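The structure under discussion appears below in the form of structure tokens.
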Amino acid sequence: MERRQETIASPAARITHVFERAKEEGRGVLIPYFMCGYPNEEQSVRVIQAAIEGGADIIELGLPFSDPLADGATIQHAGHVALERGMSIRGCMRVAERISAQSETPLVFMGYYNPILAYGLERFCAEARQHGVCGIIVPDLPPDEAEPLREAATRHGLALIFLIPPTIKDERMERVVELVAQGPGGFVYCVSLSGVTGARTELPAHLQSFIARIRRYTEAKQVPIAVGFGLSTPEHIAQISRIADGAVVGSALVNLIDRTSEEEQPGAVKSYIQSLHQGTRNI
């Protein structure tokens, strides 16, 4: 609790507050992912707002990139369409600003390092805060090379959130948790499986023991754990909510948007998020 009181004025503290509130309510945190500009800028704003109405606790906003190494075919498709339709980092800032103007739900950018570096680390973090963003996830940025971005993020009160894959060694895991604990808030993002993103029917058998490994380092420092990659059903969310603090859903939402008419997309997304949110309480 002391760490939160020290950083309550920072945007990242809003992320910490969401996890604390969910814990008090006896449930997990639901974190849907949306690609900015997919299927187009206006519609992406509408479906994100619908997700918030459906009970999303935190929103991940994807920054489209031409070489997304961690993304499966579904997210790659969404990013490709967004880029073709003119989405840029400035456009992503615009989407964030429109969402934050209507909601207190914390927003987290998720994007690759090259576009952020080209935009300018200081400029990116300053504008992200100005446009209502609370944190940043950079899947291709190793913690050993993250100090320049971490310093800029911390100056602007943003959480820099690191991914922890199943193949990580304990000493590296400990370092990642320490970096998050030193920052103004946030969580660690546990990658449920080795490989790329994409909805799957079954969760990996090793997941419970993997989360237990991470807990050895996060518990004392009060750093929440969110799990992503492959989650798509209320049952998945319920399973994750029993062993971790939050669950991220991405590819399944892109698939839902893909197979639904534009007029029906906001309603379909809201209903889907409501069903997933029920899973957070089945602990």
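The way I read the labels, and the way they are meant: chains A, B, ... in the order of the structure tokens, residue 1 as the first residue of every chain, and ligand 1 as the first ligand shown, with later ones counted on from there.
By chain and then residue number, the residues within 9 Å of region 134-136 of chain A are Ser10, Pro11, Ala12, Ala13, Arg14, Ile15, Glu60, Pro106, Leu107, Val108, Phe109, Met110, Gly111, Cys125, Ala128, Ala153, Gly157, Leu158, Ala159, Leu160, Ile161, Phe162, Gly185 and Gly186 of chain A, counting only C-alpha atoms and disregarding those fewer than 6 positions away in sequence.
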Restricting it to N, CA, C and O atoms, dump the selection as a short mmCIF file (atom, residue, chain, number, x, y, z; two decimals), in the first residue's frame.
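Wrote selection.cif, looks like this:
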data_model
loop_
_atom_site.label_atom_id
_atom_site.label_comp_id
_atom_site.auth_asym_id
_atom_site.auth_seq_id
_atom_site.Cartn_x
_atom_site.Cartn_y
_atom_site.Cartn_z
N SER A 10 0.41 9.70 -10.21
CA SER A 10 0.88 9.29 -11.53
C SER A 10 -0.18 8.49 -12.26
O SER A 10 -0.99 7.80 -11.63
N PRO A 11 -0.21 8.56 -13.60
CA PRO A 11 -1.15 7.74 -14.35
C PRO A 11 -1.02 6.25 -14.04
O PRO A 11 -2.03 5.55 -13.95
N ALA A 12 0.20 5.77 -13.86
CA ALA A 12 0.42 4.35 -13.59
C ALA A 12 -0.28 3.89 -12.32
O ALA A 12 -0.67 2.72 -12.20
N ALA A 13 -0.45 4.79 -11.35
CA ALA A 13 -1.11 4.42 -10.10
C ALA A 13 -2.55 4.01 -10.34
O ALA A 13 -3.12 3.25 -9.55
N ARG A 14 -3.14 4.48 -11.44
CA ARG A 14 -4.52 4.08 -11.75
C ARG A 14 -4.57 2.58 -12.08
O ARG A 14 -5.57 1.91 -11.78
N ILE A 15 -3.52 2.06 -12.71
CA ILE A 15 -3.45 0.62 -12.99
C ILE A 15 -3.39 -0.14 -11.68
O ILE A 15 -4.12 -1.12 -11.47
N GLU A 60 -5.85 -2.43 -23.45
CA GLU A 60 -4.59 -2.40 -24.20
C GLU A 60 -4.88 -1.86 -25.60
O GLU A 60 -5.76 -2.37 -26.29
N PRO A 106 -8.11 2.76 -17.24
CA PRO A 106 -6.71 2.94 -17.64
C PRO A 106 -6.44 2.38 -19.04
O PRO A 106 -6.94 1.31 -19.41
N LEU A 107 -5.63 3.10 -19.80
CA LEU A 107 -5.22 2.71 -21.14
C LEU A 107 -3.73 2.39 -21.15
O LEU A 107 -2.93 3.11 -20.55
N VAL A 108 -3.37 1.31 -21.83
CA VAL A 108 -1.97 0.90 -21.94
C VAL A 108 -1.64 0.71 -23.42
O VAL A 108 -2.32 -0.05 -24.11
N PHE A 109 -0.63 1.41 -23.91
CA PHE A 109 -0.17 1.19 -25.28
C PHE A 109 0.65 -0.10 -25.34
O PHE A 109 1.49 -0.36 -24.46
N MET A 110 0.43 -0.89 -26.39
CA MET A 110 1.27 -2.06 -26.64
C MET A 110 1.81 -1.95 -28.06
O MET A 110 1.04 -1.97 -29.03
N GLY A 111 3.12 -1.80 -28.18
CA GLY A 111 3.70 -1.63 -29.51
C GLY A 111 5.17 -1.96 -29.52
O GLY A 111 5.81 -2.10 -28.47
N CYS A 125 6.50 9.38 -24.56
CA CYS A 125 5.99 9.26 -23.20
C CYS A 125 5.23 10.50 -22.76
O CYS A 125 4.18 10.40 -22.10
N ALA A 128 1.94 10.43 -24.64
CA ALA A 128 1.09 9.35 -24.15
C ALA A 128 0.37 9.79 -22.87
O ALA A 128 -0.85 9.59 -22.73
N ALA A 153 9.60 6.94 -19.31
CA ALA A 153 8.27 6.56 -18.82
C ALA A 153 8.09 6.99 -17.37
O ALA A 153 7.05 7.56 -16.99
N GLY A 157 5.36 9.41 -15.29
CA GLY A 157 4.42 8.67 -14.46
C GLY A 157 3.77 7.48 -15.13
O GLY A 157 2.69 7.04 -14.70
N LEU A 158 4.42 6.95 -16.17
CA LEU A 158 3.86 5.81 -16.90
C LEU A 158 4.51 4.51 -16.45
O LEU A 158 5.70 4.47 -16.17
N ALA A 159 3.73 3.44 -16.41
CA ALA A 159 4.26 2.12 -16.13
C ALA A 159 4.90 1.55 -17.39
O ALA A 159 4.33 1.65 -18.48
N LEU A 160 6.09 0.96 -17.26
CA LEU A 160 6.68 0.18 -18.34
C LEU A 160 6.51 -1.28 -17.95
O LEU A 160 7.07 -1.74 -16.95
N ILE A 161 5.70 -1.99 -18.73
CA ILE A 161 5.28 -3.35 -18.39
C ILE A 161 6.05 -4.34 -19.26
O ILE A 161 6.07 -4.21 -20.48
N PHE A 162 6.67 -5.32 -18.61
CA PHE A 162 7.50 -6.29 -19.32
C PHE A 162 6.77 -7.63 -19.47
O PHE A 162 6.01 -8.04 -18.60
N GLY A 185 4.06 2.04 -10.94
CA GLY A 185 2.87 1.17 -10.95
C GLY A 185 2.98 0.14 -12.05
O GLY A 185 4.04 -0.05 -12.64
N GLY A 186 1.87 -0.54 -12.32
CA GLY A 186 1.86 -1.49 -13.43
C GLY A 186 1.72 -2.92 -12.98
O GLY A 186 1.25 -3.21 -11.87
#
| field | Exercise: region 93-100 of chain A partners within 12 Å, only C-alpha atoms, chain neighbours under 4 positions left out, as a count of residues only | value | 48
| Quick one: DSSP alpha helix (DSSP H) residues in region 112-236 of chain A, as a PyMOL selection string? | chain A and resi 113-119+121-130+147-155+170-182+207-218+234-236
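Picture a line from CA of Ser271 (chain A) to CA of Phe229 (chain A); it runs 21.1 Å.
Rounded to one decimal, CA of Phe187 (chain A) and CA of Lys221 (chain A) lie 10.9 Å from each other.
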| message | For Pro224 (chain A), find every residue with an atom within 12 Å (counting only C-alpha atoms), except residues of its own chain fewer than 5 positions away, and show them as JSON, numbers by chain. | response | {"A": [15, 16, 17, 18, 19, 20, 22, 23, 28, 29, 161, 162, 177, 180, 181, 185, 186, 187, 188, 189, 190, 211, 214, 215, 217, 218, 219, 241, 243, 244, 245, 246, 247]}
Please produce a file of those selected residues containing N, CA and C atoms, as a CSV table (one decimal), in the first residue's frame.
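Heads up, here's the output in result_24.csv:
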chain,number,residue,atom,x,y,z
A,15,ILE,N,-3.5,2.1,-12.7
A,15,ILE,CA,-3.4,0.6,-13.0
A,15,ILE,C,-3.4,-0.1,-11.7
A,16,THR,N,-2.5,0.3,-10.8
A,16,THR,CA,-2.4,-0.4,-9.5
A,16,THR,C,-3.7,-0.3,-8.7
A,17,HIS,N,-4.4,0.8,-8.8
A,17,HIS,CA,-5.7,0.9,-8.1
A,17,HIS,C,-6.7,-0.1,-8.7
A,18,VAL,N,-6.7,-0.3,-10.0
A,18,VAL,CA,-7.7,-1.3,-10.6
A,18,VAL,C,-7.4,-2.7,-10.0
A,19,PHE,N,-6.2,-3.1,-9.9
A,19,PHE,CA,-5.8,-4.4,-9.4
A,19,PHE,C,-6.2,-4.5,-7.9
A,20,GLU,N,-6.0,-3.4,-7.2
A,20,GLU,CA,-6.3,-3.5,-5.7
A,20,GLU,C,-7.8,-3.6,-5.5
A,22,ALA,N,-10.1,-4.8,-7.7
A,22,ALA,CA,-10.5,-6.1,-8.1
A,22,ALA,C,-10.3,-7.2,-7.0
A,23,LYS,N,-9.1,-7.0,-6.4
A,23,LYS,CA,-8.7,-8.0,-5.3
A,23,LYS,C,-9.7,-7.9,-4.1
A,28,GLY,N,-10.8,-11.3,-10.7
A,28,GLY,CA,-9.6,-10.9,-11.6
A,28,GLY,C,-9.9,-9.7,-12.4
A,29,VAL,N,-8.8,-9.1,-12.9
A,29,VAL,CA,-8.9,-7.9,-13.8
A,29,VAL,C,-9.0,-8.4,-15.2
A,161,ILE,N,5.7,-2.0,-18.7
A,161,ILE,CA,5.3,-3.3,-18.4
A,161,ILE,C,6.0,-4.3,-19.3
A,162,PHE,N,6.7,-5.3,-18.6
A,162,PHE,CA,7.5,-6.3,-19.3
A,162,PHE,C,6.8,-7.6,-19.5
A,177,VAL,N,10.7,-8.2,-12.3
A,177,VAL,CA,9.8,-7.8,-11.2
A,177,VAL,C,10.4,-6.6,-10.5
A,180,VAL,N,9.7,-3.4,-12.4
A,180,VAL,CA,8.3,-3.0,-12.3
A,180,VAL,C,8.1,-2.4,-10.9
A,181,ALA,N,8.6,-3.0,-9.9
A,181,ALA,CA,8.4,-2.6,-8.5
A,181,ALA,C,9.0,-1.2,-8.3
A,185,GLY,N,4.1,2.0,-10.9
A,185,GLY,CA,2.9,1.2,-11.0
A,185,GLY,C,3.0,0.1,-12.1
A,186,GLY,N,1.9,-0.5,-12.3
A,186,GLY,CA,1.9,-1.5,-13.4
A,186,GLY,C,1.7,-2.9,-13.0
A,187,PHE,N,2.1,-3.8,-13.8
A,187,PHE,CA,2.0,-5.3,-13.6
A,187,PHE,C,3.1,-6.0,-14.5
A,188,VAL,N,3.3,-7.3,-14.2
A,188,VAL,CA,4.1,-8.1,-15.2
A,188,VAL,C,3.1,-8.9,-16.1
A,189,TYR,N,3.5,-9.0,-17.3
A,189,TYR,CA,2.6,-9.6,-18.3
A,189,TYR,C,3.2,-11.0,-18.6
A,190,CYS,N,2.5,-12.0,-18.0
A,190,CYS,CA,2.9,-13.4,-18.2
A,190,CYS,C,2.4,-14.0,-19.5
A,211,ILE,N,3.0,-19.7,-13.1
A,211,ILE,CA,2.5,-18.6,-12.3
A,211,ILE,C,3.1,-18.7,-10.9
A,214,ILE,N,6.5,-17.3,-10.8
A,214,ILE,CA,6.6,-15.8,-10.8
A,214,ILE,C,6.2,-15.2,-9.5
A,215,ARG,N,5.2,-15.9,-8.8
A,215,ARG,CA,4.7,-15.4,-7.5
A,215,ARG,C,5.8,-15.3,-6.5
A,217,TYR,N,8.6,-14.1,-6.8
A,217,TYR,CA,9.2,-12.8,-6.9
A,217,TYR,C,8.3,-11.6,-6.7
A,218,THR,N,7.0,-11.8,-7.2
A,218,THR,CA,6.1,-10.7,-7.2
A,218,THR,C,5.4,-10.4,-5.8
A,219,GLU,N,5.2,-11.5,-5.1
A,219,GLU,CA,4.3,-11.4,-3.9
A,219,GLU,C,4.8,-10.4,-2.9
A,241,SER,N,-8.2,-16.3,-13.5
A,241,SER,CA,-8.5,-15.5,-12.3
A,241,SER,C,-8.3,-16.3,-11.0
A,243,ILE,N,-5.6,-18.2,-10.5
A,243,ILE,CA,-4.1,-18.3,-10.2
A,243,ILE,C,-3.3,-17.0,-10.5
A,244,ALA,N,-3.9,-16.0,-11.1
A,244,ALA,CA,-3.3,-14.8,-11.4
A,244,ALA,C,-4.2,-13.6,-11.1
A,245,ASP,N,-3.7,-12.4,-11.3
A,245,ASP,CA,-4.5,-11.2,-11.0
A,245,ASP,C,-5.3,-10.6,-12.1
A,246,GLY,N,-4.9,-11.0,-13.4
A,246,GLY,CA,-5.6,-10.4,-14.5
A,246,GLY,C,-5.4,-11.2,-15.7
A,247,ALA,N,-6.3,-11.0,-16.7
A,247,ALA,CA,-6.3,-11.8,-17.9
A,247,ALA,C,-6.4,-10.9,-19.1
| said: What's around Leu117 (chain A) at 12 Å? Count only C-alpha atoms, leave out sequence neighbours fewer than 2 positions away in its own chain, and write the answer as a PyMOL selection string. | reply: chain A and resi 89+111-115+119-125+138+141+146+148-149+152
